[in-house]
Amino acid sequence: MNAKDLQPIKQRYGIVGNCEALNHAIDTALQVAKTDLSVLITGESGVGKEIIPRLIHDNSLRRTRKYFAINCGSIPEGTIDSELFGHEKGAFTGAIGEHEGYFGSADGGTLFLDEVGELPLSTQARLLRVLENGEYIRVGSSEVRKTNVRVVAATNVNIQMAIRDGKFREDLFYRLNTIPIKMPPLRERGDDILLLFKKFAMEIAVKYQMPERISLSPEAEEVMKRYKWPGNVRQLKNITEQMSILMRDSRIVTPAVLSDYEIWPTIEENGGLVRVSQTSGGVHSYDSEREMLFQMINALHREVSDLKQQLSTMAPVAPTSVHVASNVPVADAEVVPVVSHAHLQQPIVSPPHVAPHADATPYAEEYVEESLSIEEQEKRLIIKALEKNRGRRKKAAEELHISERTLYRKIKEYGLEEM
Ligand SMILES: Nc1ncnc2c1ncn2[C@@H]1O[C@H](COP(=O)(O)OP(=O)(O)OP(=O)(O)O)[C@@H](O)[C@H]1O
Ligand SMILES: [Mg+2]
């Protein structure tokens with residue numbers, strides 16, 4: 001299939017990206033869907049492996065039968081055999097009735113075994129048997145049962161290493177890996193990074209009815225493309241959501257903003273990694289002179305913007321409880337003060353390029369209301385991070401990907417000093 005033919009599939013499953021490796025993965029999935037061959041999806045954490053098995057099932061002849069997605073890593077070792085293969089009544093303490101298990105229930109359908117590398121060795125032996133001849137035995141039974149299940153598995157651990165360490169059966173690996181599908185890491189997807197950013201920024205803007213989504217400056221685009229993205233698409237999604245909620249003064253993401261979220265360019269233009277070493281004190285020391293300069297400029301940017309914010313909170317304030325006059329058209333009202341938010345001294349600036357609203361006044365009111373809900377979101381995020389880290393602000397700031405100083409300022413703004 002050529003790239004254009006994949007478009008409808010991508011649209012249906014909300015898959016964003018056009019890079020060759022991603023297209024190849026989707027194309028392979030579609031090609032093998034009609035067969036009963038086992039598929040093993042590999043790729044780092046957060047690359048989007050979970051999209052593939054559903055796509056395979058929906059495009060297979062089994063599409064009208066059952067589909068189960070099982071996370072092997074989240075089922076306790078003591079119950080995993082019974083979950084997968086079922087058990088007889090009285091097979092173990094607490095087995096008050098019989099249980100069919102996924103391999104029995106999914107007969108004729110598809111099972112997605114996520115994090116298959118986490119399966120205990122004894123379960124791996126049972127899995128190999130059912131993959132080879134469709135036979136399995138319930139826990140506490142001696143009766144051999146038959147099932148016809150197509151297995152799609154996924155893992156983010158290096159299975160070859162697990163085999164070497166004696167944690168994964170080599171024969172099972174070859175059996176599962178009949179068709180391998182590799183999902184590429186985000187750092188290798190070039191412009192797809194920007195497309196994904198746009199998608200997530202748009203989604204969150206729609207979800208919280210923000211009048212404007214965040215967008216990247218040209219310099220920030222370069223940083224995004226040259227960052228290593230250890231958490232892949234999941235990390236990009238989380239960071240885009242956080243920035244969408246926390247950025248209020250401007251909706252343009254600059255390298256300085258990204259550096260607050262610890263996004264630095266770590267990949268050279270030739271694809272190599274910039275070496276980043278850590279000193280014993282935990283302070284970054286950068287081997288690349290260019291990188292160091294970049295860091296210094298970013299740090300400077302942050303200092304200046306923090307200072308600006310501090311100054312603006314010191315300035316004499318116009319009345320804080322301003323009612324938006326009902327006859328002021330939004331286009332003329334560049335600055336919409338926030339109603340009864342004495343602590344929030346920066347007015348929320350109405351974006352000049354917002355599409356003209358048929359009735360400007362309701363829009364203005366709606367805008368104020370929505371802005372409040374964004375603040376609520378921000379406050380909620382901060383409270384959550386503080387609670388989780390039992391008030392340790394350094395930890396909370398790290399988790400929120402903002403500087404400690406910004407966190408202190410926000411704590412003051414929201415009156416959360418007691419936390
Ligand atoms: N190409 C893509 N387009 C849109 N969203 C994507 C894409 N790839 C991944 N995502 C989104 O990124 C998030 C992480 O993807 P997913 O849960 O599939 O990761 P994973 O590879 O299973 O990671 P893990 O190994 O940690 O389980 C999900 O919210 C998913 O919808
Ligand atoms: Mg997953």
# chains A, B, ... in the order shown; residues from 1 in each chain; ligands from 1
>>> residues_around(residues="Glu262 of chain A", least_positions_apart="4", cutoff="10 Å", atoms="only C-alpha atoms", output="PyMOL selection string")
chain A and resi 227+256-258+398+401-403
>>> residues_around(residues="Leu84 of chain A", least_positions_apart="6", cutoff="8 Å", atoms="only C-alpha atoms", output="list in words")
Gly101, Tyr102 and Phe103 of chain A
>>> closest_residue(among="A:Thr35, A:Asn156, A:Thr123, A:Gln377", to="ligand 2", atoms="only C-alpha atoms and all ligand atoms")
A:Asn156
>>> residues_near_ligand(ligand="ligand 1", cutoff="6 Å", atoms="only C-alpha atoms and all ligand atoms", output="VMD selection string")
chain A and resid 14 to 17 44 to 51 156 233 to 234
>>> select_by_dssp(residues="segment 90-215 of chain A", states="alpha helix (DSSP H)", output="JSON, numbers by chain")
{"A": [102, 103, 104, 105, 121, 122, 123, 124, 125, 126, 127, 128, 129, 130, 131, 132, 133, 159, 160, 161, 162, 163, 164, 170, 171, 172, 173, 174, 175, 176, 192, 193, 194, 195, 196, 197, 198, 199, 200, 201, 202, 203, 204, 205, 206, 207]}
>>> write_last_selection(atoms="N, CA and C atoms", output="compact mmCIF listing (two decimals), in the first residue's frame")
# COMPACT_ATOMS: atom_id res chain seq x y z
N TYR A 102 -9.17 -16.43 29.34
CA TYR A 102 -9.20 -15.70 28.07
C TYR A 102 -9.08 -16.62 26.85
N PHE A 103 -8.24 -17.65 26.94
CA PHE A 103 -8.07 -18.51 25.76
C PHE A 103 -9.36 -19.26 25.42
N GLY A 104 -10.15 -19.55 26.43
CA GLY A 104 -11.44 -20.19 26.17
C GLY A 104 -12.45 -19.18 25.65
N SER A 105 -12.53 -18.02 26.31
CA SER A 105 -13.54 -17.01 25.92
C SER A 105 -13.29 -16.44 24.53
N LEU A 121 7.94 -17.93 33.58
CA LEU A 121 8.37 -19.03 32.69
C LEU A 121 7.34 -20.15 32.60
N SER A 122 6.65 -20.44 33.72
CA SER A 122 5.69 -21.55 33.67
C SER A 122 4.52 -21.19 32.74
N THR A 123 4.13 -19.94 32.73
CA THR A 123 3.04 -19.50 31.85
C THR A 123 3.52 -19.50 30.40
N GLN A 124 4.79 -19.18 30.21
CA GLN A 124 5.34 -19.19 28.85
C GLN A 124 5.23 -20.59 28.24
N ALA A 125 5.43 -21.62 29.07
CA ALA A 125 5.35 -23.00 28.56
C ALA A 125 3.92 -23.30 28.10
N ARG A 126 2.95 -22.88 28.89
CA ARG A 126 1.54 -23.09 28.52
C ARG A 126 1.20 -22.33 27.23
N LEU A 127 1.74 -21.11 27.14
CA LEU A 127 1.45 -20.28 25.97
C LEU A 127 2.03 -20.91 24.71
N LEU A 128 3.23 -21.43 24.84
CA LEU A 128 3.86 -22.07 23.67
C LEU A 128 2.99 -23.21 23.16
N ARG A 129 2.47 -23.98 24.09
CA ARG A 129 1.66 -25.14 23.70
C ARG A 129 0.40 -24.69 22.95
N VAL A 130 -0.27 -23.71 23.47
CA VAL A 130 -1.52 -23.29 22.83
C VAL A 130 -1.24 -22.63 21.47
N LEU A 131 -0.08 -22.01 21.35
CA LEU A 131 0.26 -21.40 20.06
C LEU A 131 0.60 -22.47 19.03
N GLU A 132 1.19 -23.57 19.51
CA GLU A 132 1.62 -24.61 18.56
C GLU A 132 0.48 -25.48 18.07
N ASN A 133 -0.42 -25.87 18.97
CA ASN A 133 -1.47 -26.77 18.50
C ASN A 133 -2.87 -26.41 19.02
N ILE A 159 13.79 -8.48 24.25
CA ILE A 159 13.54 -9.91 24.45
C ILE A 159 14.83 -10.72 24.28
N GLN A 160 15.69 -10.31 23.36
CA GLN A 160 16.96 -11.05 23.16
C GLN A 160 17.76 -11.07 24.46
N MET A 161 17.72 -9.95 25.17
CA MET A 161 18.45 -9.86 26.42
C MET A 161 17.76 -10.75 27.47
N ALA A 162 16.43 -10.72 27.46
CA ALA A 162 15.67 -11.56 28.41
C ALA A 162 15.97 -13.04 28.15
N ILE A 163 16.14 -13.40 26.86
CA ILE A 163 16.47 -14.80 26.53
C ILE A 163 17.86 -15.12 27.10
N ARG A 164 18.77 -14.22 26.89
CA ARG A 164 20.14 -14.44 27.39
C ARG A 164 20.14 -14.59 28.92
N GLU A 170 13.36 -19.06 24.36
CA GLU A 170 13.74 -18.73 22.99
C GLU A 170 12.73 -19.30 22.00
N ASP A 171 12.25 -20.55 22.27
CA ASP A 171 11.29 -21.17 21.34
C ASP A 171 9.99 -20.36 21.28
N LEU A 172 9.59 -19.81 22.42
CA LEU A 172 8.37 -19.00 22.43
C LEU A 172 8.58 -17.69 21.65
N PHE A 173 9.77 -17.14 21.82
CA PHE A 173 10.08 -15.91 21.08
C PHE A 173 9.92 -16.14 19.57
N TYR A 174 10.51 -17.24 19.07
CA TYR A 174 10.43 -17.49 17.62
C TYR A 174 8.99 -17.75 17.19
N ARG A 175 8.23 -18.39 18.07
CA ARG A 175 6.84 -18.71 17.74
C ARG A 175 5.99 -17.42 17.68
N LEU A 176 6.24 -16.52 18.63
CA LEU A 176 5.48 -15.25 18.66
C LEU A 176 5.93 -14.31 17.55
N ASP A 192 7.04 14.36 11.97
CA ASP A 192 5.87 13.76 12.65
C ASP A 192 5.75 14.29 14.08
N ILE A 193 6.90 14.64 14.66
CA ILE A 193 6.90 15.17 16.04
C ILE A 193 6.03 16.43 16.09
N LEU A 194 6.19 17.27 15.06
CA LEU A 194 5.44 18.53 15.03
C LEU A 194 3.95 18.27 14.76
N LEU A 195 3.68 17.28 13.91
CA LEU A 195 2.27 16.94 13.63
C LEU A 195 1.59 16.42 14.89
N LEU A 196 2.31 15.58 15.63
CA LEU A 196 1.73 15.03 16.86
C LEU A 196 1.50 16.13 17.89
N PHE A 197 2.47 17.04 17.97
CA PHE A 197 2.31 18.17 18.90
C PHE A 197 1.03 18.93 18.57
N LYS A 198 0.83 19.21 17.28
CA LYS A 198 -0.35 19.96 16.84
C LYS A 198 -1.62 19.22 17.21
N LYS A 199 -1.61 17.91 16.97
CA LYS A 199 -2.80 17.10 17.27
C LYS A 199 -3.14 17.20 18.75
N PHE A 200 -2.13 16.99 19.61
CA PHE A 200 -2.41 16.98 21.05
C PHE A 200 -2.81 18.38 21.54
N ALA A 201 -2.13 19.41 20.98
CA ALA A 201 -2.46 20.79 21.39
C ALA A 201 -3.90 21.11 21.00
N MET A 202 -4.28 20.65 19.82
CA MET A 202 -5.64 20.91 19.33
C MET A 202 -6.65 20.17 20.21
N GLU A 203 -6.36 18.91 20.52
CA GLU A 203 -7.30 18.09 21.31
C GLU A 203 -7.55 18.73 22.67
N ILE A 204 -6.48 19.18 23.32
CA ILE A 204 -6.68 19.73 24.66
C ILE A 204 -7.39 21.08 24.60
N ALA A 205 -7.12 21.84 23.52
CA ALA A 205 -7.80 23.14 23.37
C ALA A 205 -9.30 22.91 23.19
N VAL A 206 -9.64 21.88 22.43
CA VAL A 206 -11.06 21.58 22.22
C VAL A 206 -11.68 21.07 23.52
N LYS A 207 -10.94 20.18 24.20
CA LYS A 207 -11.47 19.58 25.43
C LYS A 207 -11.81 20.65 26.47
>>> residues_around(residues="segment 61-70 of chain A", least_positions_apart="6", cutoff="10 Å", atoms="only C-alpha atoms", output="MDAnalysis selection string")
chainID A and resid 33:36 50 53:55 83:84 102:103 105:116 149:150 152:153
>>> residues_around(residues="segment 242-254 of chain A", least_positions_apart="6", cutoff="6 Å", atoms="only C-alpha atoms", output="MDAnalysis selection string")
chainID A and resid 214:217 220 374 378
>>> atom_distance(atom1="atom CA of Ser141 of chain A", atom2="atom CA of Ala91 of chain A")
7.8 Å
>>> closest_residue(among="A:Pro76, A:Thr28, A:Glu376, A:Pro185", to="Asn232 of chain A", atoms="only C-alpha atoms")
A:Pro185
>>> atom_distance(atom1="atom CA of Ile56 of chain A", atom2="atom CA of Pro184 of chain A")
18.1 Å
>>> closest_residue(among="A:Glu188, A:Glu135, A:Glu118, A:Glu418", to="Lys167 of chain A", atoms="only C-alpha atoms")
A:Glu118
>>> atom_distance(atom1="atom CA of Gln7 of chain A", atom2="atom CA of Pro211 of chain A")
28.7 Å
>>> select_by_dssp(residues="segment 2-239 of chain A", states="strand (DSSP E or B)", output="NGL selection string")
:A and (39-42 or 67-71 or 87 or 99 or 110-114 or 135-137 or 139 or 144-146 or 150-155 or 179-182 or 215-216)
>>> closest_residue(among="A:Ala396, A:Gly391, A:Pro230, A:Tyr408", to="Asp306 of chain A", atoms="only C-alpha atoms")
A:Tyr408
>>> residues_around(residues="Asp81 of chain A", least_positions_apart="4", cutoff="8 Å", atoms="only C-alpha atoms", output="list in words")
Glu77, Phe85, Gly86, Thr123 and Val139 of chain A
>>> write_last_selection(atoms="C-alpha atoms", output="PDB file, in the first residue's frame")
ATOM      1  CA  GLU A  77       2.057 -14.223  39.023  1.00  0.00           C
ATOM      2  CA  PHE A  85      -6.291 -20.579  30.700  1.00  0.00           C
ATOM      3  CA  GLY A  86      -9.135 -20.762  33.243  1.00  0.00           C
ATOM      4  CA  THR A 123       3.041 -19.501  31.848  1.00  0.00           C
ATOM      5  CA  VAL A 139      -5.624 -24.904  36.235  1.00  0.00           C
TER       6      VAL A 139
END
>>> closest_residue(among="A:Ala25, A:Gly140, A:Thr42, A:Lys10", to="Asn177 of chain A", atoms="only C-alpha atoms")
A:Thr42
